[in-house]
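Peer 1: My structure is in run-v3.tsv, and what it holds is TSV, C-alpha atoms:
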chain	number	residue	atom	x	y	z
A	190	MET	CA	111.55	96.39	122.77
A	191	LEU	CA	109.14	94.13	124.67
A	192	PRO	CA	105.67	93.86	123.11
A	193	GLN	CA	103.30	96.61	124.22
A	194	LEU	CA	99.74	96.02	125.35
A	195	SER	CA	97.24	97.63	122.96
A	196	ILE	CA	94.50	99.53	124.82
A	197	GLY	CA	91.38	100.90	123.13
A	198	ILE	CA	89.81	103.77	125.10
A	199	PHE	CA	86.22	104.76	124.35
A	200	VAL	CA	85.13	107.14	127.11
A	201	HIS	CA	82.82	110.07	126.38
A	202	SER	CA	83.97	112.15	129.35
A	203	GLU	CA	87.02	114.11	128.21
A	204	LYS	CA	88.12	114.46	131.83
A	205	ILE	CA	88.05	110.71	132.52
A	206	ALA	CA	89.59	109.88	129.14
A	207	GLY	CA	92.36	112.41	129.67
A	208	CYS	CA	93.07	111.05	133.14
A	209	ALA	CA	93.25	107.46	131.87
A	210	ILE	CA	95.53	108.41	128.97
A	211	GLU	CA	97.85	110.34	131.27
A	212	LEU	CA	98.06	107.44	133.75
A	213	LEU	CA	98.70	104.87	131.01
A	214	ARG	CA	101.21	106.92	129.06
A	215	SER	CA	104.29	104.67	129.17
A	216	ASP	CA	106.25	102.24	127.03
A	217	ARG	CA	104.09	99.43	128.39
A	218	TYR	CA	100.99	100.45	126.43
A	219	THR	CA	99.92	101.52	122.97
A	220	LEU	CA	96.85	103.74	123.41
A	221	THR	CA	94.08	104.45	120.91
A	222	HIS	CA	91.50	107.06	121.95
A	223	LEU	CA	88.20	106.48	120.12
A	224	LYS	CA	85.60	109.25	120.14
A	225	SER	CA	82.48	107.74	118.55
A	226	ALA	CA	80.65	104.42	118.48
A	227	VAL	CA	81.24	104.15	114.73
A	228	GLU	CA	84.96	104.73	115.21
A	229	PHE	CA	85.02	102.24	118.09
A	230	LEU	CA	83.32	99.44	116.12
A	231	GLY	CA	85.42	100.16	113.04
A	232	PHE	CA	88.59	100.03	115.12
A	233	LEU	CA	87.72	96.60	116.50
A	234	LYS	CA	86.65	95.31	113.09
A	235	HIS	CA	90.00	96.14	111.52
A	236	ASN	CA	92.29	95.57	114.49
A	237	ASN	CA	92.74	91.98	115.67
A	238	HIS	CA	95.37	92.76	118.26
A	239	VAL	CA	93.55	94.85	120.87
A	240	ASP	CA	94.50	93.58	124.33
A	241	CYS	CA	92.05	95.50	126.54
A	242	LEU	CA	89.14	97.91	126.24
A	243	VAL	CA	88.41	100.85	128.55
A	244	VAL	CA	84.81	102.09	128.35
A	245	GLU	CA	82.30	103.84	130.61
A	246	VAL	CA	78.74	103.21	131.72
A	247	ASP	CA	76.27	105.31	129.72
A	248	ARG	CA	72.91	104.81	128.04
A	249	ASP	CA	74.50	103.29	124.92
A	250	LEU	CA	76.91	100.89	126.63
A	251	ARG	CA	74.74	97.77	126.61
A	252	SER	CA	73.75	98.31	122.96
A	253	LEU	CA	77.37	98.82	121.97
A	254	LEU	CA	78.67	95.78	123.83
A	255	SER	CA	75.79	93.63	122.58
A	256	LYS	CA	77.10	94.22	119.07
A	257	LEU	CA	80.45	92.80	120.13
A	258	GLN	CA	78.69	89.84	121.74
A	259	ALA	CA	76.75	89.22	118.52
A	260	ARG	CA	80.07	89.02	116.67
A	261	SER	CA	81.46	86.65	119.34
A	262	LEU	CA	84.14	89.28	119.96
A	263	PHE	CA	85.24	89.20	123.61
A	264	LEU	CA	88.17	91.16	125.06
A	265	PRO	CA	89.47	92.11	128.51
A	266	THR	CA	87.49	95.17	129.55
A	267	VAL	CA	87.56	97.84	132.26
A	268	ILE	CA	84.28	99.70	132.66
A	269	PHE	CA	84.23	103.09	134.40
A	270	SER	CA	81.06	103.28	136.46
A	271	PRO	CA	79.68	105.91	138.84
A	272	GLN	CA	78.66	103.06	141.16
A	273	PRO	CA	80.26	99.67	140.44
A	274	GLY	CA	77.91	96.96	141.59
A	275	GLU	CA	74.90	98.17	139.61
A	276	ASP	CA	72.66	95.45	138.14
A	277	GLY	CA	73.44	93.22	141.10
A	278	ARG	CA	77.13	92.81	140.43
A	279	PRO	CA	79.36	93.44	143.48
A	280	GLU	CA	82.43	95.55	143.05
A	281	ALA	CA	85.61	93.51	143.11
A	282	PRO	CA	88.30	94.37	145.67
A	283	PRO	CA	91.34	96.42	144.63
A	284	SER	CA	93.84	94.48	142.53
A	285	ASP	CA	97.39	93.68	143.49
A	286	GLY	CA	98.32	92.46	140.02
A	287	PHE	CA	98.08	89.39	137.83
A	288	GLU	CA	98.90	86.77	140.44
A	289	ALA	CA	96.20	87.49	143.01
A	290	ALA	CA	93.69	88.37	140.31
A	291	ALA	CA	94.09	85.02	138.61
A	292	SER	CA	93.42	83.15	141.84
A	293	ARG	CA	90.28	85.20	142.54
A	294	SER	CA	88.79	85.21	139.06
A	295	GLN	CA	86.89	81.94	139.16
A	296	LYS	CA	85.30	82.84	142.51
A	297	SER	CA	84.26	86.26	141.25
A	298	GLN	CA	82.62	84.69	138.20
A	299	GLU	CA	80.63	82.32	140.40
A	300	GLN	CA	79.42	85.08	142.71
A	301	SER	CA	77.33	86.77	140.05
A	302	CYS	CA	76.31	86.43	136.42
A	303	ALA	CA	75.24	90.08	136.13
A	304	PHE	CA	77.53	91.87	133.73
A	305	PHE	CA	77.52	94.35	130.88
A	306	TYR	CA	79.77	92.42	128.47
A	307	HIS	CA	81.13	89.17	129.93
A	308	PRO	CA	81.79	87.67	133.39
A	309	ALA	CA	85.47	88.68	133.44
A	310	GLU	CA	84.95	92.41	132.97
A	311	VAL	CA	86.19	94.78	135.69
A	312	GLN	CA	84.06	97.68	136.92
A	313	LEU	CA	85.99	100.63	138.30
A	314	ALA	CA	84.47	103.56	140.19
A	315	ILE	CA	85.16	106.86	138.47
A	316	ASN	CA	86.46	108.29	141.75
A	317	ARG	CA	89.10	105.52	141.73
A	318	SER	CA	90.29	106.17	138.18
A	319	THR	CA	93.91	106.32	139.37
A	320	GLU	CA	93.70	102.52	139.69
A	321	ILE	CA	93.25	102.10	135.93
A	322	ALA	CA	96.57	100.30	135.35
A	323	ALA	CA	95.90	97.77	138.14
A	324	SER	CA	92.36	97.31	136.81
A	325	ILE	CA	93.70	96.52	133.34
A	326	ASP	CA	95.98	93.90	134.92
A	327	ARG	CA	93.00	92.41	136.73
A	328	ALA	CA	90.78	92.48	133.63
A	329	ILE	CA	93.43	90.63	131.61
A	330	ALA	CA	94.07	88.07	134.36
A	331	GLN	CA	90.35	87.35	134.74
A	332	PHE	CA	89.88	87.18	130.97
A	333	LEU	CA	92.63	84.58	130.67
A	334	LYS	CA	90.80	82.45	133.23
A	335	LEU	CA	87.41	82.88	131.55
A	336	SER	CA	86.09	79.47	130.50
A	337	THR	CA	83.00	80.64	128.63
A	338	PRO	CA	82.00	84.16	127.51
A	339	VAL	CA	78.40	83.76	128.74
A	340	PRO	CA	77.56	81.43	131.68
A	341	ILE	CA	75.55	78.40	130.60
A	342	ASN	CA	72.87	79.13	133.21
A	343	ASP	CA	72.36	82.71	132.05
A	344	GLN	CA	72.02	84.29	128.62
A	345	SER	CA	73.57	81.36	126.77
A	346	ALA	CA	70.51	79.27	127.53
A	347	MET	CA	68.91	81.16	124.65
A	348	VAL	CA	71.82	80.54	122.28
A	349	ASP	CA	72.25	77.32	120.31
A	350	ALA	CA	75.24	75.07	120.94
A	351	THR	CA	76.92	75.84	117.60
A	352	ALA	CA	76.92	79.56	118.38
A	353	GLN	CA	78.33	78.83	121.85
A	354	LEU	CA	81.12	76.72	120.38
A	355	THR	CA	81.95	79.40	117.83
A	356	ALA	CA	82.15	82.01	120.60
A	357	GLN	CA	84.28	79.65	122.70
A	358	SER	CA	86.61	79.05	119.76
A	359	LEU	CA	87.14	82.77	119.14
A	360	LEU	CA	87.57	83.40	122.86
A	361	SER	CA	90.33	80.79	123.08
A	362	ARG	CA	92.17	82.38	120.14
A	363	HIS	CA	92.15	85.78	121.86
A	364	GLN	CA	93.28	84.19	125.12
A	365	ARG	CA	96.12	82.31	123.46
A	366	ARG	CA	97.38	85.36	121.57
A	367	LEU	CA	97.23	87.52	124.69
A	368	ALA	CA	98.88	84.88	126.88
A	369	GLU	CA	101.73	84.54	124.38
A	370	LYS	CA	102.27	88.29	124.40
A	371	LEU	CA	102.28	88.36	128.20
A	372	ARG	CA	104.69	85.46	128.35
A	373	GLU	CA	107.09	87.41	126.13
A	374	ARG	CA	106.69	90.56	128.18
A	375	LEU	CA	106.27	89.32	131.73
A	376	GLY	CA	107.10	85.64	131.76
A	377	TYR	CA	103.41	85.10	132.60
A	378	LEU	CA	102.39	81.48	132.04
A	379	ALA	CA	99.63	80.68	129.56
A	380	VAL	CA	96.42	79.38	131.09
A	381	TYR	CA	94.94	76.00	130.36
A	382	TYR	CA	91.68	75.67	128.52
A	383	GLN	CA	88.49	74.88	130.41
A	384	ARG	CA	85.69	73.21	128.44
A	385	ASN	CA	81.97	72.99	129.01
A	386	SER	CA	80.82	69.35	128.81
A	387	GLN	CA	77.23	70.45	128.18
A	388	ILE	CA	78.20	71.44	124.64
A	389	PHE	CA	80.37	68.42	123.87
A	390	LEU	CA	79.34	66.82	120.59
A	391	ARG	CA	78.23	63.60	122.25
A	392	ASN	CA	75.90	65.50	124.60
A	393	LEU	CA	74.13	67.62	121.99
A	394	PRO	CA	70.56	66.90	120.87
A	395	SER	CA	70.44	65.29	117.43
A	396	PRO	CA	69.43	68.47	115.48
A	397	GLU	CA	72.17	70.52	117.20
A	398	LYS	CA	74.71	67.77	116.59
A	399	GLN	CA	73.88	67.66	112.88
A	400	LYS	CA	74.05	71.45	112.58
A	401	PHE	CA	77.44	71.56	114.29
A	402	LEU	CA	78.88	68.73	112.16
A	403	GLU	CA	77.76	70.57	109.02
A	404	GLN	CA	79.60	73.68	110.22
A	405	LEU	CA	82.68	71.63	111.03
A	406	LYS	CA	82.58	69.99	107.61
A	407	SER	CA	82.18	73.38	105.90
A	408	SER	CA	85.14	74.74	107.87
A	409	TYR	CA	87.29	71.76	106.86
A	410	ARG	CA	86.24	72.07	103.21
A	411	GLU	CA	87.60	75.64	103.18
A	412	ILE	CA	90.90	74.41	104.58
A	413	VAL	CA	91.19	71.73	101.89
A	414	LEU	CA	90.35	74.15	99.09
A	415	ASN	CA	92.92	76.70	100.28
A	416	TYR	CA	95.60	74.40	101.68
A	417	PHE	CA	98.04	74.61	98.78
A	418	ALA	CA	97.27	78.20	97.87
A	419	GLU	CA	99.77	80.94	98.65
A	420	ASP	CA	97.38	82.40	101.19
A	421	THR	CA	98.48	82.39	104.83
A	422	ALA	CA	94.81	82.73	105.88
A	423	VAL	CA	94.64	78.93	105.83
A	424	ASN	CA	96.57	78.88	109.11
A	425	ASN	CA	93.77	80.84	110.76
A	426	GLN	CA	91.21	78.52	109.17
A	427	ILE	CA	92.99	75.51	110.68
A	428	ASP	CA	93.04	77.24	114.08
A	429	GLU	CA	89.31	77.92	113.88
A	430	PHE	CA	88.54	74.33	112.84
A	431	VAL	CA	90.71	72.86	115.59
A	432	ASN	CA	89.27	75.17	118.25
A	433	LEU	CA	85.72	74.15	117.30
A	434	ALA	CA	86.69	70.46	117.41
A	435	PHE	CA	88.52	70.84	120.72
A	436	PHE	CA	85.77	72.64	122.62
A	437	ALA	CA	83.15	70.21	121.32
A	438	ASP	CA	85.40	67.28	122.30
A	439	VAL	CA	85.22	65.92	118.76
A	440	PRO	CA	87.05	62.58	118.47
A	441	VAL	CA	89.96	62.34	116.03
A	442	THR	CA	88.04	59.56	114.27
A	443	GLN	CA	85.31	62.10	113.48
A	444	VAL	CA	87.90	64.43	111.93
A	445	VAL	CA	89.18	61.53	109.80
A	446	GLU	CA	85.59	60.72	108.79
A	447	ILE	CA	85.01	64.33	107.70
A	448	HIS	CA	88.23	64.24	105.66
A	449	MET	CA	87.41	60.94	103.97
A	450	GLY	CA	83.87	62.11	103.19
A	451	LEU	CA	85.21	65.21	101.45
A	452	MET	CA	87.78	63.17	99.54
A	453	ASP	CA	84.99	60.89	98.29
A	454	GLU	CA	83.01	63.93	97.12
A	455	PHE	CA	86.03	65.36	95.32
A	456	ALA	CA	86.86	61.97	93.76
A	457	LYS	CA	83.37	61.73	92.25
A	458	GLN	CA	83.72	65.24	90.85
A	459	LEU	CA	87.13	64.44	89.34
A	460	LYS	CA	85.71	61.31	87.70
A	461	LEU	CA	82.93	63.34	86.13
A	462	GLU	CA	85.57	65.71	84.77
A	463	GLY	CA	87.71	62.82	83.51
A	464	ARG	CA	90.63	63.76	85.75
A	465	SER	CA	92.92	61.59	87.88
A	466	GLU	CA	92.18	61.11	91.58
A	467	GLU	CA	95.86	60.91	92.49
A	468	ILE	CA	95.93	64.60	93.35
A	469	LEU	CA	93.77	63.81	96.36
A	470	LEU	CA	96.64	61.87	97.95
A	471	ASP	CA	98.41	65.17	98.57
A	472	TYR	CA	95.57	66.19	100.90
A	473	ARG	CA	96.68	63.62	103.43
A	474	LEU	CA	98.96	66.44	104.53
A	475	THR	CA	95.87	68.51	105.34
A	476	LEU	CA	94.54	65.80	107.62
A	477	ILE	CA	97.92	65.34	109.32
A	478	ASP	CA	98.20	69.10	109.85
A	479	ALA	CA	94.71	69.36	111.38
A	480	ILE	CA	95.28	66.39	113.70
A	481	ALA	CA	98.70	67.76	114.75
A	482	HIS	CA	97.10	71.09	115.68
A	483	LEU	CA	94.36	69.28	117.61
A	484	CYS	CA	96.96	67.27	119.53
A	485	GLU	CA	98.75	70.52	120.37
A	486	MET	CA	95.51	71.94	121.78
A	487	TYR	CA	95.18	68.93	124.05
A	488	ARG	CA	98.82	69.26	125.10
A	489	ARG	CA	98.25	72.92	126.02
A	490	SER	CA	95.04	72.10	127.88
A	491	ILE	CA	96.99	70.36	130.65
A	492	PRO	CA	98.84	72.83	132.91
A	493	LYS	CA	102.40	71.69	133.47
A	494	GLU	CA	102.78	73.87	136.54
A	495	PRO	CA	100.48	76.15	138.54
A	496	LEU	CA	100.21	79.85	137.80
A	497	ARG	CA	102.58	81.76	140.03
Represent the structure of the file as structure tokens.
Peer 2:
Amino acid sequence: MLPQLSIGIFVHSEKIAGCAIELLRSDRYTLTHLKSAVEFLGFLKHNNHVDCLVVEVDRDLRSLLSKLQARSLFLPTVIFSPQPGEDGRPEAPPSDGFEAAASRSQKSQEQSCAFFYHPAEVQLAINRSTEIAASIDRAIAQFLKLSTPVPINDQSAMVDATAQLTAQSLLSRHQRRLAEKLRERLGYLAVYYQRNSQIFLRNLPSPEKQKFLEQLKSSYREIVLNYFAEDTAVNNQIDEFVNLAFFADVPVTQVVEIHMGLMDEFAKQLKLEGRSEEILLDYRLTLIDAIAHLCEMYRRSIPKEPLR
């Protein structure tokens, strides 16, 4: 069976929720109906494979979504609204599927930075709830084209560069996983990665640069410590490290410098313990693995053919 899209539905109105569930009931989707904010947040905390959220505008929506933003957790989202276009955001035109949505997404992001969750969300009028499936398609297509979860000229101005890079890294992981699932199911091509030069390492103020390098070093230390353990989590750690390096445009020489610095630290510790340093030679594999993953990110960042 082709992989199903996992949809999390958190809509207080039983009528709207029931309508959405009925319209989406097919072998294309796996549906999870969540009935409380606690259940909703718990579901997202323990489920890393949600493909799209369906929520509704109410008094708690901004608070709820701000908690996801604080965790740098961004997902394709359809928001039921009595009047799409509130808060200055114009309602997008009806969708005709992934192809047209992808071509319109960048323009729609530029038109307005007013949003509940992120610039790629889709607002859908309650009286047009029958368009939920097409809206999910549009939300996913726009999400795959999203270059940054929060526009640099909007809320992110109040967020430091390291936090932005962390959010960008997690966003790219969600995009890659979702694009791979869609490619299996629909033959939909993965998108290329768009980077923000304002948060490149070389463009950061000195304090921000130092803070980011410390985070990068800490991330790499965890990889080294776990590399030969029988814990598959190290693969995710390498992905996170490489994503951070990629979106900050960190040179490979900087990655090598981080590796050599850690090896020097470990060598000093081994000497104090009276142990041989030869074991550190094995960790050349760690460096090769990290650089190979980084090269793969650069290879993927160049589209080989346009989206069709």
Peer 1: For atom CA of A:Cys241 and atom CA of A:Leu264, quote the distance in Å rounded to one decimal.
Peer 2: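 Straight-line distance from atom CA of A:Cys241 to atom CA of A:Leu264 works out to 6.0 Å.
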Peer 1: With all atoms listed in the file as the atoms that count, which of A:Asp428, A:Glu454, A:Glu466, A:Asp326 lies nearest to A:Leu213?
Peer 2: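 Ranked by minimum distance to A:Leu213, first place goes to A:Asp326.
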Peer 1: Report as a ChimeraX atom specification all protein, DNA and RNA residues lying within 8 Å of A:Asn316, evaluated on all atoms listed in the file, omitting residues in the same chain fewer than 2 positions from it.
Peer 2: /A:271,314,318
Peer 1: Find the residue from A:Asp478, A:Arg260, A:Pro440, A:Arg327 that sits nearest to A:Leu230; use all atoms listed in the file when measuring.
Peer 2: A:Arg260
Peer 1: List the spatial neighbours of A:Val444 as a short mmCIF file (atom, residue, chain, number, x, y, z; two decimals) with C-alpha atoms, in the frame of the given file - criterion: any atom at most 9 Å away, all atoms listed in the file, same-chain residues fewer than 6 positions off excluded.
Peer 2:
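Listed below is the output, part_19.cif:
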data_model
loop_
_atom_site.label_atom_id
_atom_site.label_comp_id
_atom_site.auth_asym_id
_atom_site.auth_seq_id
_atom_site.Cartn_x
_atom_site.Cartn_y
_atom_site.Cartn_z
CA LEU A 405 82.68 71.63 111.03
CA LYS A 406 82.58 69.99 107.61
CA TYR A 409 87.29 71.76 106.86
CA ALA A 434 86.69 70.46 117.41
CA LEU A 476 94.54 65.80 107.62
CA ALA A 479 94.71 69.36 111.38
CA ILE A 480 95.28 66.39 113.70
#
Peer 1: Restricting the calculation to all atoms listed in the file, which member of A:Lys204, A:Lys370, A:His448, A:Arg473 is positioned closest to A:Val239?
Peer 2: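 Distance minimum relative to A:Val239 lands on A:Lys370.
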Peer 1: For A:Ile477, which residue out of A:Val445, A:Phe305, A:Ile210, A:Ser336 is the nearest one, using only C-alpha atoms?
Peer 2: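 Of A:Val445, A:Phe305, A:Ile210, A:Ser336, the one nearest A:Ile477, counting only C-alpha atoms, is A:Val445.
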Peer 1: Have a look at A:Pro308, A:Gly450, A:Gly197, A:Gly463 and name the one nearest to A:Ala328; count all atoms listed in the file.
Peer 2: A:Pro308
Peer 1: Have a look at A:Leu367, A:Ala422, A:Leu335, A:Leu262 and name the one nearest to A:Asn385; count all atoms listed in the file.
Peer 2: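 Comparing A:Leu367, A:Ala422, A:Leu335, A:Leu262 against A:Asn385, the winner is A:Leu335.
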Peer 1: Tell me, in Å to one decimal, how far atom CA of A:Gln387 is from atom CA of A:Thr355.
Peer 2: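 Separation between atom CA of A:Gln387 and atom CA of A:Thr355: 14.5 Å.
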Peer 1: Would you pick out the contacts of A:Arg391 at 12 Å or less, using only C-alpha atoms, so that residues sharing its chain but fewer than 6 positions from it are not included, and give the list as a PDB file with C-alpha atoms, in the coordinates of the input?
Peer 2:
ATOM      1  CA  ALA A 350      75.240  75.070 120.940  1.00  0.00           C
ATOM      2  CA  GLU A 397      72.170  70.520 117.200  1.00  0.00           C
ATOM      3  CA  LYS A 398      74.710  67.770 116.590  1.00  0.00           C
ATOM      4  CA  GLN A 399      73.880  67.660 112.880  1.00  0.00           C
ATOM      5  CA  PHE A 401      77.440  71.560 114.290  1.00  0.00           C
ATOM      6  CA  LEU A 402      78.880  68.730 112.160  1.00  0.00           C
ATOM      7  CA  ALA A 434      86.690  70.460 117.410  1.00  0.00           C
ATOM      8  CA  PHE A 436      85.770  72.640 122.620  1.00  0.00           C
ATOM      9  CA  ALA A 437      83.150  70.210 121.320  1.00  0.00           C
ATOM     10  CA  ASP A 438      85.400  67.280 122.300  1.00  0.00           C
ATOM     11  CA  VAL A 439      85.220  65.920 118.760  1.00  0.00           C
ATOM     12  CA  PRO A 440      87.050  62.580 118.470  1.00  0.00           C
ATOM     13  CA  GLN A 443      85.310  62.100 113.480  1.00  0.00           C
TER      14      GLN A 443
END
Peer 1: Rounded to one decimal place, report the atom CA of A:His363-atom CA of A:Thr337 distance in Å.
Peer 2: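 Between atom CA of A:His363 and atom CA of A:Thr337 the gap works out to 12.5 Å.
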Peer 1: Once 6 Å is added on each side, what are the centre and the three edge lengths, in Å to one decimal, of the axis-aligned box enclosing the listed atoms of stretch 412-425 of chain A? Present them as JSON.
Peer 2:
{"center_x": 95.1, "center_y": 77.2, "center_z": 104.3, "size_x": 21.4, "size_y": 23.0, "size_z": 24.9}
Peer 1: So which residues touch A:Thr319 within 12 Å, counting all atoms listed in the file, skipping near sequence neighbours fewer than 5 positions away, as a PyMOL selection string?
Peer 2: chain A and resi 205-213+269+283+313-314+324-325
Peer 1: Take the point (88.7, 79.8, 116.5) in the file's coordinates, draw a sphere of radius 7 Å around it, and report as number ranges by chain every protein, DNA or RNA residue with an atom inside or on it, counting all atoms listed in the file.
Peer 2: A: 355, 358-359, 361-362, 428-430, 432-433
Peer 1: How would the residues just picked look written out with C-alpha atoms as a short mmCIF file (atom, residue, chain, number, x, y, z; two decimals), in the coordinates of the input?
Peer 2:
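Final file, result.cif:
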data_model
loop_
_atom_site.label_atom_id
_atom_site.label_comp_id
_atom_site.auth_asym_id
_atom_site.auth_seq_id
_atom_site.Cartn_x
_atom_site.Cartn_y
_atom_site.Cartn_z
CA THR A 355 81.95 79.40 117.83
CA SER A 358 86.61 79.05 119.76
CA LEU A 359 87.14 82.77 119.14
CA SER A 361 90.33 80.79 123.08
CA ARG A 362 92.17 82.38 120.14
CA ASP A 428 93.04 77.24 114.08
CA GLU A 429 89.31 77.92 113.88
CA PHE A 430 88.54 74.33 112.84
CA ASN A 432 89.27 75.17 118.25
CA LEU A 433 85.72 74.15 117.30
#
Peer 1: Excluding same-chain residues fewer than 6 positions from A:Ala456, what lies within 12 Å of it counting only C-alpha atoms, as an MDAnalysis selection string?
Peer 2: chainID A and resid 449:450 462:470
